[in-house]
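Participant: Pasting a structure here, questions to come.
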Amino acid sequence: MATYLKTGIPAAAMEAANAKVQETVAEFIADVKARGDKAVRELSAKFDGWSPATFRLSQSEIDALVASVSPRTIEDIEFAQAQIRNFAEHQKAALQDIEVETLPGVRLGHRNIPVNSVGCYIPGGRYPMVASSHMTIVTAKVAGVQRVIACTPPTGGKPHPETVAAMVLAGADEIHILGGVQAVAAMALGTETIAPVDMLVGAGNAYVAEAKRQLFGQVGIDLLAGPTEILVVADDSADVEFVAADLLGQAEHGPTSPAALITTSEALARSLPAEIERQLKTLPTAEIASVSWRDYGQIILVADLAEAVQEADRLAYEHVEIMTRKPRYFLEHMRNYGSLFLGPETNVAYGDKVIGTNHTLPTRRAARYTGGLWVGKFMKTVTYQQCTEEASVRIGEYCSRLCAIERFWAHKEQADIRLRRYGKPKVGVGTSSGDSR
């Protein structure tokens with residue numbers, strides 16, 4: 001049975017905090033729905049100190065911002081986007097349209113059609129999340145989305161040049177310097193100056209995630225991506241310095257970012273807290289990471305790898321790093337995770353920034369039922385059917401009887417009218433809806 005050497009704050013406390021977020025977000029969305037641009041501007045001024053003449057960047061503003069970025073940074077962004085684009089293109093190639101003849105004269109098929117318009121939220125605020133431009137905009141464009149707009153908050157009271165450059169290189173059709181719930185609501189609902197989109201994607205803080213949850217149904221969403229999570233699964237071969245560094249690498253995202261270790265090694269489990277404290281002393285973001293580790297950090301000691309899999313699947317964390325002698329054991333046995341990082345040579349930062357897989361991943365145990373953002377999220381798999389007259393008669397006979405069982409008489413008549421038109425029904429099949437009443 002697993003032993004918890006360190007646990008995070010109680011679930012009840014987290015639920016209480018979530019309830020306050022839900023109430024606040026509902027008020028903001030209602031305000032944007034009722035007052036459009038005026039509400040968006042007031043919220044932006046209140047929370048970001050940002051109220052320009054227009055939130056959308058003009059081409060001249062975009063050109064000036066991109067020109068201010070160093071050539072090396074442009075090259076680095078292009079390299080990262082090439083990796084994300086390449087993997088997304090391979091994923092898209094796996095999505096095949098099909099058409100099959102399931103019975104003589106019955107042809108069924110499906111097509112993969114990209115959604116028409118997408119709003120990408122690129123987090124900013126505490127950290128300008130340049131990489132989120134690659135993950136959302138590039139992937140949407142590879143899928144074939146016609147209109148991709150992107151919103152990101154100002155950083156230090158002005159647009160962040162590197163983020164804007166990444167948006168441009170990724171192929172965004174519109175760029176708005178606008179953050180928070182107001183950005184998400186404006187993209188979903190539309191305002192006087194922002195046409196609404198069909199789908200919202202991208203990570204964000206608790207308020208952004210809640211806004212997407214409340215707006216789902218009016219628009220599609222990729223998934224509910226809340227505060228980032230990291231789980232390290234390790235045996236006695238793991239390096240405690242690696243483990244601590246990788247846990248803190250995600251804990252620095254924010255004070256509510258969970259970080260956990262599951263290990264079969266008691267020595268590793270006992271030595272981790274001291275190593276965390278040692279690294280925090282020199283970490284520039286220690287003020288944030290230390291709070292996250294204090295309130296949301298966990299250390300779980302397990303008997304063997306099988307129990308490690310069981311506990312890892314129960315947590316269903318966003319990022320799972322495997323630091324064991326046989327990392328692919330977890331690839332073969334784990335079922336609930338956003339993305340796996342196999343072996344000490346790989347880490348979450350690679351996935352977050354450059355390696356090619358998408359970093360928009362499920363949190364808060366959503367990995368039990370969904371994967372992360374990928375090119376397929378931007379595609380609608382829609383079906384179609386076609387029958388010959390002979391096939392319509394054959395299918396219609398079964399359909400007529402099945403509709404009668406359910407007492408759907410108008411449904412039954414759809415079959416019966418074709419039986420009368422295209423062929424003589426078999427014995428026992430009614431010729432009109434009235435026959436079976």
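We label chains A, B, ... in the order they appear in the structure tokens, count residues from 1 in each chain, and number ligands from 1 in the order shown.
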Residues of range 133-187 of chain A within 12 Å of range 60-81 of chain A: nearest atom pair and distance (Å, one decimal) for each, counting only C-alpha atoms, sorted by chain and number, as JSON lines?

Facilitator:
```
{"residue": "A:Ser133", "atom": "CA", "partner": "A:Gln81", "partner_atom": "CA", "distance": 8.9}
{"residue": "A:His134", "atom": "CA", "partner": "A:Gln81", "partner_atom": "CA", "distance": 5.5}
{"residue": "A:Met135", "atom": "CA", "partner": "A:Gln81", "partner_atom": "CA", "distance": 8.2}
{"residue": "A:Thr136", "atom": "CA", "partner": "A:Gln81", "partner_atom": "CA", "distance": 10.6}
{"residue": "A:Ile137", "atom": "CA", "partner": "A:Gln81", "partner_atom": "CA", "distance": 9.9}
{"residue": "A:Val138", "atom": "CA", "partner": "A:Gln81", "partner_atom": "CA", "distance": 7.1}
{"residue": "A:Thr139", "atom": "CA", "partner": "A:Gln81", "partner_atom": "CA", "distance": 9.5}
{"residue": "A:Lys141", "atom": "CA", "partner": "A:Gln81", "partner_atom": "CA", "distance": 11.7}
{"residue": "A:Val142", "atom": "CA", "partner": "A:Gln81", "partner_atom": "CA", "distance": 11.3}
{"residue": "A:Lys158", "atom": "CA", "partner": "A:Leu65", "partner_atom": "CA", "distance": 10.6}
{"residue": "A:Pro159", "atom": "CA", "partner": "A:Leu65", "partner_atom": "CA", "distance": 8.2}
{"residue": "A:His160", "atom": "CA", "partner": "A:Leu65", "partner_atom": "CA", "distance": 8.1}
{"residue": "A:Pro161", "atom": "CA", "partner": "A:Leu65", "partner_atom": "CA", "distance": 5.0}
{"residue": "A:Glu162", "atom": "CA", "partner": "A:Val69", "partner_atom": "CA", "distance": 6.2}
{"residue": "A:Thr163", "atom": "CA", "partner": "A:Val66", "partner_atom": "CA", "distance": 9.2}
{"residue": "A:Val164", "atom": "CA", "partner": "A:Val66", "partner_atom": "CA", "distance": 6.9}
{"residue": "A:Ala165", "atom": "CA", "partner": "A:Val66", "partner_atom": "CA", "distance": 5.0}
{"residue": "A:Ala166", "atom": "CA", "partner": "A:Ile77", "partner_atom": "CA", "distance": 6.4}
{"residue": "A:Met167", "atom": "CA", "partner": "A:Ile62", "partner_atom": "CA", "distance": 9.8}
{"residue": "A:Val168", "atom": "CA", "partner": "A:Ile62", "partner_atom": "CA", "distance": 8.0}
{"residue": "A:Leu169", "atom": "CA", "partner": "A:Glu78", "partner_atom": "CA", "distance": 7.3}
{"residue": "A:Ala170", "atom": "CA", "partner": "A:Gln81", "partner_atom": "CA", "distance": 7.1}
{"residue": "A:Gly171", "atom": "CA", "partner": "A:Gln81", "partner_atom": "CA", "distance": 10.6}
{"residue": "A:Ala172", "atom": "CA", "partner": "A:Ile62", "partner_atom": "CA", "distance": 11.4}
{"residue": "A:Asp173", "atom": "CA", "partner": "A:Ile62", "partner_atom": "CA", "distance": 11.7}
{"residue": "A:Glu174", "atom": "CA", "partner": "A:Ile62", "partner_atom": "CA", "distance": 10.4}
{"residue": "A:Ile175", "atom": "CA", "partner": "A:Ile62", "partner_atom": "CA", "distance": 8.6}
{"residue": "A:His176", "atom": "CA", "partner": "A:Ile62", "partner_atom": "CA", "distance": 10.5}
{"residue": "A:Ile177", "atom": "CA", "partner": "A:Ile62", "partner_atom": "CA", "distance": 11.1}
```

Participant: So that I can check the surroundings of Ser237 in chain A, please list as a PyMOL selection string every protein, DNA and RNA residue that reaches within 9 Å of it, counting only C-alpha atoms and ignoring chain neighbours fewer than 2 positions away.

Facilitator: chain A and resi 234-235+239+265+323-325

Participant: From the set A:Pro128, A:Gly297, A:Gly371, A:Pro344, which residue has the shortest atom-to-atom contact distance to Glu241 in chain A, counting only C-alpha atoms?

Facilitator: A:Pro344

Participant: Given the choices A:Val348, A:Leu373, A:Ala195, A:Ile9, which gets closest to Arg294 in chain A if the distance is worked out from only C-alpha atoms?

Facilitator: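 Selected residue with least distance to Arg294 in chain A: A:Ile9.
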
Participant: Would you list the contacts of Lys20 in chain A as a ChimeraX atom specification, taking every protein, DNA or RNA residue within 12 Å and counting only C-alpha atoms, but skipping same-chain residues closer than 6 positions in sequence?

Facilitator: /A:13-14,26-27,206-207,210

Participant: Ranking A:Ser400, A:Gln414, A:Ser117, A:Thr3 by minimum distance to Ile221 in chain A and counting only C-alpha atoms, which one comes first?

Facilitator: A:Ser117

Participant: Pick from A:Asp236, A:Asp37, A:Asp198, A:Glu321: nearest to Gly220 in chain A, with only C-alpha atoms counted?

Facilitator: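 The closest residue to Gly220 in chain A is A:Asp198.
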
Participant: Give me the residues within 10 Å of range 305-309 of chain A as a VMD selection string, counting only C-alpha atoms and dropping any in the same chain fewer than 3 places off.

Facilitator: chain A and resid 1 to 2 233 to 235 262 to 264 300 to 302 312 to 315 324 326 329 to 331 333 to 336

Participant: Using only N, CA and C atoms, please write the residues we just selected to a file, as a tab-separated table (two decimals), in the first residue's frame.

Facilitator:
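Dumped everything to result_7.tsv:
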```tsv
chain	number	residue	atom	x	y	z
A	1	MET	N	0.84	-1.19	0.00
A	1	MET	CA	0.00	0.00	0.00
A	1	MET	C	0.88	1.25	0.00
A	2	ALA	N	0.53	2.23	-0.80
A	2	ALA	CA	1.33	3.45	-0.94
A	2	ALA	C	1.40	4.21	0.38
A	233	VAL	N	8.02	9.63	-11.74
A	233	VAL	CA	8.00	8.25	-11.26
A	233	VAL	C	9.44	7.73	-11.33
A	234	ALA	N	9.97	7.29	-10.19
A	234	ALA	CA	11.39	6.95	-10.15
A	234	ALA	C	11.65	5.69	-9.33
A	235	ASP	N	12.75	5.02	-9.68
A	235	ASP	CA	13.25	3.92	-8.85
A	235	ASP	C	14.61	4.34	-8.27
A	262	ILE	N	6.48	9.78	-7.21
A	262	ILE	CA	6.13	8.41	-6.84
A	262	ILE	C	7.41	7.59	-7.01
A	263	THR	N	7.81	6.90	-5.96
A	263	THR	CA	9.08	6.17	-6.05
A	263	THR	C	9.04	4.86	-5.27
A	264	THR	N	9.82	3.92	-5.76
A	264	THR	CA	10.03	2.66	-5.05
A	264	THR	C	11.23	2.75	-4.11
A	300	ILE	N	5.27	10.10	-2.61
A	300	ILE	CA	4.52	8.86	-2.41
A	300	ILE	C	5.47	7.68	-2.59
A	301	LEU	N	5.59	6.88	-1.56
A	301	LEU	CA	6.46	5.70	-1.58
A	301	LEU	C	5.62	4.47	-1.89
A	302	VAL	N	6.04	3.69	-2.90
A	302	VAL	CA	5.29	2.50	-3.32
A	302	VAL	C	6.18	1.27	-3.25
A	312	ALA	N	0.05	6.35	-10.19
A	312	ALA	CA	0.18	7.34	-11.25
A	312	ALA	C	-1.13	7.48	-12.03
A	313	ASP	N	-1.77	6.37	-12.33
A	313	ASP	CA	-3.05	6.42	-13.03
A	313	ASP	C	-4.13	7.07	-12.17
A	314	ARG	N	-4.05	6.90	-10.87
A	314	ARG	CA	-5.02	7.55	-9.98
A	314	ARG	C	-4.85	9.07	-10.00
A	315	LEU	N	-3.61	9.53	-9.97
A	315	LEU	CA	-3.35	10.97	-10.03
A	315	LEU	C	-3.73	11.55	-11.40
A	324	THR	N	13.23	5.51	-14.45
A	324	THR	CA	13.44	4.14	-13.97
A	324	THR	C	14.33	3.40	-14.95
A	326	LYS	N	13.62	0.79	-16.65
A	326	LYS	CA	12.84	0.37	-17.81
A	326	LYS	C	11.67	1.34	-18.01
A	329	TYR	N	8.22	0.42	-19.67
A	329	TYR	CA	7.24	-0.36	-18.91
A	329	TYR	C	6.01	0.50	-18.64
A	330	PHE	N	6.22	1.78	-18.36
A	330	PHE	CA	5.11	2.68	-18.05
A	330	PHE	C	4.36	3.08	-19.32
A	331	LEU	N	5.07	3.16	-20.44
A	331	LEU	CA	4.39	3.40	-21.71
A	331	LEU	C	3.43	2.25	-22.02
A	333	HIS	N	2.01	0.20	-19.72
A	333	HIS	CA	1.03	-0.11	-18.68
A	333	HIS	C	0.20	1.09	-18.20
A	334	MET	N	0.73	2.31	-18.28
A	334	MET	CA	-0.05	3.46	-17.81
A	334	MET	C	-1.16	3.82	-18.80
A	335	ARG	N	-2.25	4.34	-18.26
A	335	ARG	CA	-3.40	4.71	-19.09
A	335	ARG	C	-3.82	6.17	-18.92
A	336	ASN	N	-3.52	6.78	-17.80
A	336	ASN	CA	-4.02	8.13	-17.50
A	336	ASN	C	-2.88	9.13	-17.36
```

Participant: Set the distance at 6 Å and use only C-alpha atoms: which residues neighbour range 199-201 of chain A once local chain neighbours fewer than 5 positions away are removed? I'd like the list as a list in words.

Facilitator: Val118, Gly119, Cys120, Val219, Gly220, Ile221 and Asp222 of chain A
